[in-house]
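Participant: Have a peek at input.txt (compact mmCIF, N, CA and C atoms).
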```
# COMPACT_ATOMS: atom_id res chain seq x y z
N MET X 4 72.63 -17.00 165.31
CA MET X 4 72.58 -15.70 165.95
C MET X 4 71.43 -14.91 165.33
N GLU X 5 70.59 -14.34 166.15
CA GLU X 5 69.46 -13.57 165.66
C GLU X 5 69.88 -12.14 165.37
N PRO X 6 69.24 -11.52 164.36
CA PRO X 6 69.59 -10.13 164.05
C PRO X 6 69.20 -9.21 165.21
N ALA X 7 69.88 -8.09 165.25
CA ALA X 7 69.60 -7.10 166.28
C ALA X 7 68.17 -6.61 166.14
N PRO X 8 67.51 -6.27 167.25
CA PRO X 8 66.14 -5.75 167.16
C PRO X 8 66.07 -4.58 166.19
N GLY X 9 65.10 -4.64 165.30
CA GLY X 9 64.91 -3.56 164.33
C GLY X 9 65.68 -3.75 163.04
N ALA X 10 66.59 -4.73 162.98
CA ALA X 10 67.35 -4.97 161.76
C ALA X 10 66.43 -5.55 160.70
N ASN X 11 66.63 -5.12 159.47
CA ASN X 11 65.84 -5.59 158.32
C ASN X 11 64.36 -5.27 158.42
N VAL X 12 63.99 -4.34 159.26
CA VAL X 12 62.60 -3.92 159.35
C VAL X 12 62.46 -2.63 158.56
N PRO X 13 61.56 -2.62 157.53
CA PRO X 13 61.42 -1.41 156.74
C PRO X 13 61.00 -0.23 157.61
N LYS X 14 61.52 0.92 157.28
CA LYS X 14 61.13 2.12 158.00
C LYS X 14 59.72 2.51 157.61
N LYS X 15 59.00 3.09 158.53
CA LYS X 15 57.62 3.51 158.27
C LYS X 15 57.62 4.93 157.72
N PRO X 16 56.58 5.24 156.91
CA PRO X 16 56.47 6.63 156.43
C PRO X 16 56.33 7.58 157.62
N GLU X 17 56.89 8.75 157.49
CA GLU X 17 56.82 9.74 158.56
C GLU X 17 55.91 10.88 158.14
N GLU X 18 55.27 11.50 159.10
CA GLU X 18 54.43 12.66 158.82
C GLU X 18 55.31 13.90 158.83
N THR X 19 55.23 14.69 157.77
CA THR X 19 55.99 15.92 157.67
C THR X 19 55.08 17.00 157.11
N GLU X 20 54.74 17.97 157.91
CA GLU X 20 53.90 19.08 157.49
C GLU X 20 52.66 18.61 156.75
N GLY X 21 51.96 17.63 157.33
CA GLY X 21 50.72 17.15 156.74
C GLY X 21 50.88 16.17 155.60
N GLU X 22 52.13 15.88 155.21
CA GLU X 22 52.41 14.94 154.13
C GLU X 22 53.05 13.68 154.70
N THR X 23 52.74 12.55 154.10
CA THR X 23 53.43 11.33 154.47
C THR X 23 54.65 11.20 153.58
N VAL X 24 55.82 11.05 154.19
CA VAL X 24 57.07 10.94 153.45
C VAL X 24 57.57 9.50 153.58
N LEU X 25 57.84 8.88 152.45
CA LEU X 25 58.38 7.53 152.44
C LEU X 25 59.80 7.56 152.98
N SER X 26 60.08 6.76 153.99
CA SER X 26 61.42 6.72 154.57
C SER X 26 62.38 5.96 153.66
N TYR X 27 63.63 6.32 153.73
CA TYR X 27 64.68 5.68 152.94
C TYR X 27 64.81 4.22 153.33
N ALA X 28 64.90 3.36 152.33
CA ALA X 28 65.17 1.94 152.55
C ALA X 28 65.89 1.42 151.32
N TYR X 29 67.13 1.04 151.47
CA TYR X 29 67.92 0.53 150.35
C TYR X 29 67.52 -0.92 150.12
N VAL X 30 66.51 -1.11 149.25
CA VAL X 30 65.99 -2.45 148.97
C VAL X 30 65.72 -2.60 147.48
N GLN X 31 65.99 -3.81 146.98
CA GLN X 31 65.62 -4.13 145.61
C GLN X 31 64.11 -4.29 145.61
N ASP X 32 63.43 -3.58 144.71
CA ASP X 32 61.98 -3.51 144.73
C ASP X 32 61.39 -4.05 143.43
N LYS X 33 60.56 -5.09 143.54
CA LYS X 33 59.98 -5.74 142.36
C LYS X 33 59.09 -4.77 141.56
N GLN X 34 58.27 -3.99 142.26
CA GLN X 34 57.39 -3.03 141.56
C GLN X 34 58.22 -1.98 140.83
N PHE X 35 59.28 -1.52 141.45
CA PHE X 35 60.20 -0.55 140.85
C PHE X 35 60.70 -1.09 139.52
N VAL X 36 61.17 -2.35 139.51
CA VAL X 36 61.71 -2.98 138.30
C VAL X 36 60.62 -3.15 137.25
N GLU X 37 59.44 -3.63 137.64
CA GLU X 37 58.35 -3.86 136.68
C GLU X 37 57.96 -2.57 135.97
N VAL X 38 57.83 -1.49 136.71
CA VAL X 38 57.43 -0.22 136.11
C VAL X 38 58.53 0.31 135.18
N LEU X 39 59.78 0.27 135.62
CA LEU X 39 60.87 0.77 134.78
C LEU X 39 61.08 -0.11 133.55
N ASN X 40 60.87 -1.41 133.67
CA ASN X 40 60.99 -2.30 132.50
C ASN X 40 59.94 -1.99 131.45
N ALA X 41 58.83 -1.41 131.84
CA ALA X 41 57.76 -1.07 130.90
C ALA X 41 58.00 0.29 130.22
N ARG X 42 58.91 1.07 130.76
CA ARG X 42 59.19 2.39 130.18
C ARG X 42 60.10 2.27 128.96
N THR X 43 59.91 3.18 128.03
CA THR X 43 60.74 3.24 126.82
C THR X 43 61.94 4.13 127.08
N TRP X 44 63.11 3.63 126.72
CA TRP X 44 64.34 4.40 126.84
C TRP X 44 64.46 5.30 125.62
N GLU X 45 65.06 6.45 125.81
CA GLU X 45 65.27 7.41 124.72
C GLU X 45 66.63 7.18 124.08
N GLU X 46 66.67 7.31 122.78
CA GLU X 46 67.95 7.24 122.07
C GLU X 46 68.67 8.57 122.23
N ASN X 47 69.96 8.53 122.52
CA ASN X 47 70.76 9.74 122.64
C ASN X 47 71.95 9.60 121.70
N SER X 48 71.79 10.13 120.50
CA SER X 48 72.86 10.00 119.50
C SER X 48 74.05 10.90 119.81
N ASP X 49 73.84 11.99 120.56
CA ASP X 49 74.96 12.86 120.93
C ASP X 49 76.00 12.11 121.77
N TYR X 50 75.52 11.27 122.68
CA TYR X 50 76.42 10.54 123.56
C TYR X 50 76.56 9.07 123.15
N GLY X 51 75.78 8.63 122.18
CA GLY X 51 75.88 7.26 121.69
C GLY X 51 75.35 6.22 122.66
N GLY X 52 74.07 6.31 122.96
CA GLY X 52 73.52 5.32 123.87
C GLY X 52 72.04 5.51 124.13
N LEU X 53 71.57 4.85 125.17
CA LEU X 53 70.17 4.91 125.58
C LEU X 53 70.09 5.58 126.95
N VAL X 54 69.01 6.33 127.17
CA VAL X 54 68.81 7.04 128.42
C VAL X 54 67.42 6.73 128.97
N LEU X 55 67.36 6.47 130.26
CA LEU X 55 66.09 6.31 130.95
C LEU X 55 66.04 7.38 132.03
N GLN X 56 65.06 8.26 131.93
CA GLN X 56 64.91 9.34 132.90
C GLN X 56 63.45 9.46 133.29
N GLY X 57 63.20 9.93 134.50
CA GLY X 57 61.83 10.17 134.90
C GLY X 57 61.63 10.05 136.39
N ALA X 58 60.36 9.98 136.76
CA ALA X 58 59.96 9.90 138.17
C ALA X 58 60.21 8.50 138.73
N CYS X 59 60.42 8.45 140.02
CA CYS X 59 60.55 7.17 140.71
C CYS X 59 59.18 6.51 140.79
N PRO X 60 59.07 5.24 140.41
CA PRO X 60 57.77 4.58 140.48
C PRO X 60 57.31 4.27 141.90
N ILE X 61 58.16 4.44 142.88
CA ILE X 61 57.77 4.16 144.27
C ILE X 61 57.41 5.44 145.02
N CYS X 62 58.32 6.41 145.06
CA CYS X 62 58.01 7.64 145.81
C CYS X 62 57.33 8.68 144.93
N GLY X 63 57.45 8.54 143.61
CA GLY X 63 56.76 9.44 142.68
C GLY X 63 57.43 10.77 142.44
N HIS X 64 58.58 11.00 143.03
CA HIS X 64 59.24 12.28 142.84
C HIS X 64 59.89 12.36 141.45
N PRO X 65 59.77 13.53 140.81
CA PRO X 65 60.32 13.70 139.45
C PRO X 65 61.85 13.71 139.46
N ASP X 66 62.41 13.50 138.30
CA ASP X 66 63.87 13.56 138.11
C ASP X 66 64.63 12.64 139.06
N ALA X 67 64.05 11.49 139.38
CA ALA X 67 64.66 10.56 140.32
C ALA X 67 65.47 9.48 139.61
N ILE X 68 65.09 9.18 138.37
CA ILE X 68 65.75 8.10 137.62
C ILE X 68 66.52 8.72 136.47
N ASP X 69 67.80 8.38 136.38
CA ASP X 69 68.66 8.89 135.31
C ASP X 69 69.74 7.85 135.03
N VAL X 70 69.49 7.01 134.02
CA VAL X 70 70.40 5.91 133.69
C VAL X 70 70.83 6.06 132.24
N PHE X 71 72.12 5.90 131.98
CA PHE X 71 72.66 5.98 130.62
C PHE X 71 73.38 4.68 130.30
N VAL X 72 73.11 4.12 129.11
CA VAL X 72 73.78 2.91 128.65
C VAL X 72 74.48 3.24 127.34
N PRO X 73 75.82 3.25 127.33
CA PRO X 73 76.53 3.49 126.07
C PRO X 73 76.41 2.26 125.17
N ILE X 74 75.85 2.45 123.99
CA ILE X 74 75.65 1.32 123.08
C ILE X 74 75.44 1.86 121.67
N VAL X 75 75.81 1.08 120.68
CA VAL X 75 75.53 1.43 119.30
C VAL X 75 74.05 1.13 119.06
N ILE X 76 73.27 2.19 118.81
CA ILE X 76 71.82 2.04 118.70
C ILE X 76 71.43 1.03 117.63
N ALA X 77 72.08 1.07 116.48
CA ALA X 77 71.74 0.14 115.39
C ALA X 77 71.96 -1.30 115.84
N ALA X 78 73.03 -1.55 116.57
CA ALA X 78 73.30 -2.91 117.05
C ALA X 78 72.23 -3.34 118.05
N PHE X 79 71.82 -2.42 118.91
CA PHE X 79 70.78 -2.72 119.89
C PHE X 79 69.48 -3.09 119.19
N LYS X 80 69.10 -2.29 118.20
CA LYS X 80 67.86 -2.55 117.47
C LYS X 80 67.94 -3.85 116.66
N ALA X 81 69.16 -4.25 116.30
CA ALA X 81 69.35 -5.49 115.54
C ALA X 81 69.38 -6.72 116.45
N GLY X 82 69.23 -6.48 117.76
CA GLY X 82 69.15 -7.61 118.68
C GLY X 82 70.39 -7.88 119.50
N ALA X 83 71.32 -6.95 119.53
CA ALA X 83 72.53 -7.13 120.35
C ALA X 83 72.14 -7.31 121.81
N GLU X 84 72.83 -8.20 122.48
CA GLU X 84 72.58 -8.44 123.90
C GLU X 84 73.00 -7.22 124.72
N VAL X 85 72.14 -6.83 125.63
CA VAL X 85 72.46 -5.74 126.54
C VAL X 85 72.17 -6.23 127.94
N SER X 86 73.13 -6.05 128.82
CA SER X 86 72.92 -6.50 130.20
C SER X 86 71.91 -5.60 130.89
N LYS X 87 71.33 -6.13 131.94
CA LYS X 87 70.41 -5.31 132.74
C LYS X 87 71.24 -4.21 133.40
N GLU X 88 70.61 -3.09 133.62
CA GLU X 88 71.30 -1.93 134.17
C GLU X 88 70.76 -1.59 135.56
N TYR X 89 71.66 -1.16 136.43
CA TYR X 89 71.30 -0.76 137.78
C TYR X 89 70.60 0.59 137.73
N ALA X 90 69.44 0.67 138.36
CA ALA X 90 68.72 1.94 138.48
C ALA X 90 68.33 2.12 139.94
N GLU X 91 68.46 3.33 140.42
CA GLU X 91 68.15 3.63 141.82
C GLU X 91 67.48 4.99 141.89
N CYS X 92 66.49 5.12 142.76
CA CYS X 92 65.88 6.43 142.97
C CYS X 92 66.93 7.36 143.56
N GLN X 93 67.10 8.51 142.90
CA GLN X 93 68.04 9.51 143.39
C GLN X 93 67.36 10.88 143.44
N CYS X 94 66.09 10.88 143.81
CA CYS X 94 65.36 12.15 143.86
C CYS X 94 65.97 13.05 144.94
N GLY X 95 65.63 14.31 144.86
CA GLY X 95 66.18 15.27 145.80
C GLY X 95 65.33 15.48 147.04
N GLU X 96 64.27 14.70 147.19
CA GLU X 96 63.40 14.85 148.36
C GLU X 96 64.05 14.21 149.58
N ASN X 97 63.65 14.67 150.76
CA ASN X 97 64.26 14.18 151.99
C ASN X 97 63.52 12.93 152.48
N HIS X 98 64.11 11.77 152.18
CA HIS X 98 63.59 10.50 152.69
C HIS X 98 64.44 10.04 153.88
N ASN X 99 65.20 10.95 154.44
CA ASN X 99 66.11 10.66 155.56
C ASN X 99 67.13 9.57 155.22
N PRO X 100 67.83 9.72 154.07
CA PRO X 100 68.82 8.71 153.70
C PRO X 100 70.08 8.84 154.55
N PRO X 101 70.89 7.79 154.57
CA PRO X 101 72.17 7.89 155.27
C PRO X 101 73.09 8.87 154.55
N SER X 102 74.12 9.28 155.22
CA SER X 102 75.08 10.22 154.65
C SER X 102 75.62 9.71 153.31
N GLY X 103 75.66 10.58 152.32
CA GLY X 103 76.19 10.24 151.02
C GLY X 103 75.18 9.61 150.07
N LYS X 104 73.96 9.39 150.52
CA LYS X 104 72.92 8.79 149.69
C LYS X 104 71.82 9.81 149.44
N SER X 105 70.99 9.52 148.43
CA SER X 105 69.83 10.37 148.16
C SER X 105 68.70 9.49 147.69
N GLY X 106 67.52 10.07 147.57
CA GLY X 106 66.36 9.33 147.10
C GLY X 106 65.73 8.47 148.16
N CYS X 107 64.78 7.63 147.71
CA CYS X 107 64.08 6.76 148.65
C CYS X 107 64.79 5.43 148.84
N GLY X 108 65.84 5.17 148.03
CA GLY X 108 66.65 3.97 148.19
C GLY X 108 66.21 2.77 147.39
N ARG X 109 65.03 2.84 146.77
CA ARG X 109 64.57 1.68 146.00
C ARG X 109 65.41 1.54 144.75
N TRP X 110 65.71 0.30 144.37
CA TRP X 110 66.57 0.06 143.22
C TRP X 110 66.20 -1.27 142.57
N GLY X 111 66.80 -1.49 141.40
CA GLY X 111 66.58 -2.75 140.69
C GLY X 111 67.43 -2.80 139.44
N LEU X 112 67.46 -3.97 138.82
CA LEU X 112 68.15 -4.18 137.56
C LEU X 112 67.11 -4.17 136.46
N VAL X 113 67.23 -3.23 135.54
CA VAL X 113 66.20 -3.05 134.50
C VAL X 113 66.76 -3.32 133.12
N SER X 114 65.86 -3.69 132.22
CA SER X 114 66.23 -4.04 130.84
C SER X 114 65.94 -2.88 129.90
N PRO X 115 66.98 -2.36 129.24
CA PRO X 115 66.75 -1.28 128.28
C PRO X 115 65.86 -1.72 127.13
N ARG X 116 64.98 -0.83 126.66
CA ARG X 116 64.16 -1.09 125.49
C ARG X 116 63.85 0.23 124.81
N VAL X 117 63.68 0.18 123.51
CA VAL X 117 63.32 1.38 122.75
C VAL X 117 61.91 1.19 122.19
N GLY X 118 61.32 2.28 121.71
CA GLY X 118 59.98 2.24 121.17
C GLY X 118 59.79 1.11 120.18
N GLY X 119 58.61 0.47 120.27
CA GLY X 119 58.30 -0.62 119.37
C GLY X 119 58.93 -1.94 119.78
N GLY X 120 59.63 -1.97 120.92
CA GLY X 120 60.32 -3.18 121.35
C GLY X 120 60.07 -3.55 122.68
```
Any chance you could give the structure as structure tokens?

Facilitator:
Amino acid sequence: MEPAPGANVPKKPEETEGETVLSYAYVQDKQFVEVLNARTWEENSDYGGLVLQGACPICGHPDAIDVFVPIVIAAFKAGAEVSKEYAECQCGENHNPPSGKSGCGRWGLVSPRVGGG
């Protein structure tokens, strides 16, 4: 059975007041993962873990990425295994997401790392 016409076809950017807006597409994105894997996570001793925050590497909007991993920092630095973490763009810009969603929809599984590692 063939998919319905238009299924699995990425949405095209739309023109909005002279700006091109990236349309929402819930897809695992290789570039998204590569860029986030290169970023350094911040240690958060108040909550006991690592935090990754910043702009989305695909749409570029600020405050789009906010991931927290509860972990003993000393154990992490000593080489404790940490699973990859789900990260998704959740920016507040209008990418025309479906109801209950936000951001441009790009996501991936990223590996936490701290400075020097």

Participant: Select, from X:Leu112, X:Ala28, X:Ile76, X:Cys59, the residue with the minimum atom-to-atom distance to Glu88 in chain X, counting only N, CA and C atoms.

Facilitator: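 Closest to Glu88 in chain X of all the choices is X:Leu112.
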
Participant: Could you state the separation of atom C of Asn47 in chain X and CA of Gly95 in chain X in Å, given to one decimal place?

Facilitator: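 Computing it gives 25.4 Å between the two atoms.
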
Participant: What does the structure give for the distance between CA of Cys107 in chain X and CA of Cys92 in chain X, in Å to one decimal?

Facilitator: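 Value for the CA of Cys107 in chain X-CA of Cys92 in chain X distance: 6.0 Å.
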
Participant: Could you check how far CA of Pro60 in chain X sits from atom C of Val75 in chain X, in Å to one decimal?

Facilitator: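 Computing it gives 27.1 Å between the two atoms.
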
Participant: With distances taken over all atoms listed in the file, which residue among X:Cys62, X:Asp69, X:Asn40, X:Glu45 lies nearest Arg109 in chain X?

Facilitator: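 Using all atoms listed in the file, the shortest distance to Arg109 in chain X belongs to X:Cys62.
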
Participant: Leaving out Gly111 in chain X and any residue of its chain fewer than 2 positions from it, which residues lie within 8 Å of it when counting all atoms listed in the file, given as a list in words?

Facilitator: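 Selected residues are Val30, Gln31, Asp32, Lys33, Phe35, Val36, Glu37, Lys87, Glu88, Tyr89, Ala90, Glu91, Cys92, Gly108, Arg109, Val113 and Ser114 of chain X.
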
Participant: So, with only C-alpha atoms as the atoms that count, which of X:Ser48, X:Asn97, X:Gln56, X:Thr43 lies closest to Ser26 in chain X?

Facilitator: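 Closest candidate: X:Asn97.
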
Participant: Going by DSSP on the backbone, which bits of chain X are helix (DSSP H, G or I)? Write them as a PyMOL selection string, please.

Facilitator: chain X and resi 33-41+76-80

Participant: From the list X:Leu25, X:Glu96, X:Trp110, X:Arg42, which residue is nearest Pro65 in chain X when using only N, CA and C atoms?

Facilitator: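 Closest to Pro65 in chain X, using only N, CA and C atoms: X:Glu96.
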
Participant: Within 12 Å of Gly52 in chain X, counting only C-alpha atoms, which residues show up once you throw out same-chain ones fewer than 3 positions away? Write them as an NGL selection string, please.

Facilitator: :X and (44-49 or 55 or 70-80 or 85 or 115-117)

Participant: DSSP on the backbone, strand (DSSP E) only: what residues of chain X does that give? Format it as JSON, numbers by chain.

Facilitator: {"X": [17, 18, 19, 22, 23, 24, 30, 31, 45, 46, 47, 52, 53, 54, 55, 56, 57, 68, 69, 70, 71, 72, 73, 88, 89, 90, 91, 109, 110, 111, 112, 113]}

Participant: Could you check the closest approach to Leu39 in chain X for each of X:Ala81, X:Ala58, X:Gly106, X:Cys94 and tell me which residue wins, using only C-alpha atoms?

Facilitator: X:Ala58
